[in-house]
Amino acid sequence: MPEVDEKVMKFVEDALKRNPKIQLEDLFERTKKFKSSIGRLSKRQFNSRYPLQVKRRRALAAKARAGAKKEGTSSAGRTPRKSRTRSVEPRDRVRQVFLQFATDIAAAEERKDLVRVLAGVDNYVDQVMKNVGRA
């Protein structure tokens with residue numbers, strides 16, 4: 001799995017917070033000025049390693065906030081269905097594990113990185129089983 005520089009991640013996160021519609025080229029150039037080692041990455045590698053991860057985290061956080069807001073509301077005095085909210089939660093956690101697995105595979109730059117991710121598939125399976133309550 002490729003290494004992520006947390007300082008660069010924070011820089012990209014702040015840049016996207018200030019200007020969410022910034023073009024990839026501009027962000028890439030600014031980040032190269034911030035940390036010269038980023039210049040070794042292609043734009044595609046940079047995008048998958050930093051901006052896409054920031055955007056993914058934000059989308060998941062927004063989805064969680066939206067779900068929390070909807071959970072407390074009910075129309076016409078009806079009580080919310082408890083069984084549905086309980087079943088959605090493990091599903092989202094399992095979905096998150098699959099998304100992380102896909103992200104790790106997509107981020108594998110070389111064959112050895114891909115082999116390393118696939119060799120660790122048992123960890124992803126364990127996480128899924130734990131999230132569905134069977135571990």
# chains A, B, ... in the order shown; residues from 1 in each chain; ligands from 1

call {"tool": "residues_around", "arguments": {"residues": "Glu109 (chain A)", "least_positions_apart": "5", "cutoff": "12 Å", "atoms": "only C-alpha atoms", "output": "VMD selection string"}}
result
chain A and resid 1 to 3 41 to 42 44 to 46 48 to 49 103 to 104 114 to 117

call {"tool": "residues_around", "arguments": {"residues": "Tyr50 (chain A)", "least_positions_apart": "6", "cutoff": "8 Å", "atoms": "only C-alpha atoms", "output": "list in words"}}
result
Val4, Val8, Met9 and Val12 of chain A

call {"tool": "write_last_selection", "arguments": {"atoms": "N, CA and C atoms", "output": "mmCIF file, in the first residue's frame"}}
result
data_model
loop_
_atom_site.group_PDB
_atom_site.id
_atom_site.type_symbol
_atom_site.label_atom_id
_atom_site.label_comp_id
_atom_site.auth_asym_id
_atom_site.auth_seq_id
_atom_site.Cartn_x
_atom_site.Cartn_y
_atom_site.Cartn_z
ATOM 1 N N VAL A 4 1.150 7.441 2.665
ATOM 2 C CA VAL A 4 0.484 8.731 2.614
ATOM 3 C C VAL A 4 1.164 9.638 3.628
ATOM 4 N N VAL A 8 0.985 16.328 3.996
ATOM 5 C CA VAL A 8 0.448 16.621 2.666
ATOM 6 C C VAL A 8 -1.068 16.432 2.672
ATOM 7 N N MET A 9 -1.529 15.382 3.352
ATOM 8 C CA MET A 9 -2.978 15.141 3.436
ATOM 9 C C MET A 9 -3.666 16.335 4.089
ATOM 10 N N VAL A 12 -3.711 19.291 1.628
ATOM 11 C CA VAL A 12 -4.725 19.099 0.591
ATOM 12 C C VAL A 12 -6.121 19.307 1.181
#

call {"tool": "closest_residue", "arguments": {"among": "A:Lys10, A:Lys43, A:Lys112, A:Arg91", "to": "Gln23 (chain A)", "atoms": "only C-alpha atoms"}}
result
A:Lys43

call {"tool": "closest_residue", "arguments": {"among": "A:Lys17, A:Lys63, A:Arg95, A:Arg134", "to": "Pro51 (chain A)", "atoms": "only C-alpha atoms"}}
result
A:Lys17

call {"tool": "closest_residue", "arguments": {"among": "A:Ala68, A:Leu118, A:Ile22, A:Leu99", "to": "Arg56 (chain A)", "atoms": "only C-alpha atoms"}}
result
A:Leu99

call {"tool": "residues_around", "arguments": {"residues": "Val125 (chain A)", "least_positions_apart": "3", "cutoff": "12 Å", "atoms": "only C-alpha atoms", "output": "list in words"}}
result
Val94, Arg95, Val97, Phe98, Gln100, Phe101, Leu118, Ala119, Gly120, Val121, Asp122, Val128, Met129, Lys130, Asn131, Val132, Arg134 and Ala135 of chain A

call {"tool": "write_last_selection", "arguments": {"atoms": "C-alpha atoms", "output": "compact mmCIF listing (two decimals), in the first residue's frame"}}
result
# COMPACT_ATOMS: atom_id res chain seq x y z
CA VAL A 94 -19.38 -3.54 5.82
CA ARG A 95 -19.68 -1.23 2.83
CA VAL A 97 -14.63 -2.15 4.59
CA PHE A 98 -15.26 -3.01 0.92
CA GLN A 100 -11.32 0.57 1.82
CA PHE A 101 -10.34 -2.71 0.15
CA LEU A 118 -4.41 -9.27 -1.63
CA ALA A 119 -2.31 -11.19 0.89
CA GLY A 120 -4.00 -9.19 3.64
CA VAL A 121 -7.51 -10.03 2.44
CA ASP A 122 -8.13 -11.99 5.65
CA VAL A 128 -16.63 -7.65 7.69
CA MET A 129 -17.39 -10.58 9.99
CA LYS A 130 -16.95 -8.37 13.06
CA ASN A 131 -19.30 -5.77 11.59
CA VAL A 132 -22.03 -8.29 10.92
CA ARG A 134 -20.22 -13.13 13.59
CA ALA A 135 -16.67 -12.91 14.79
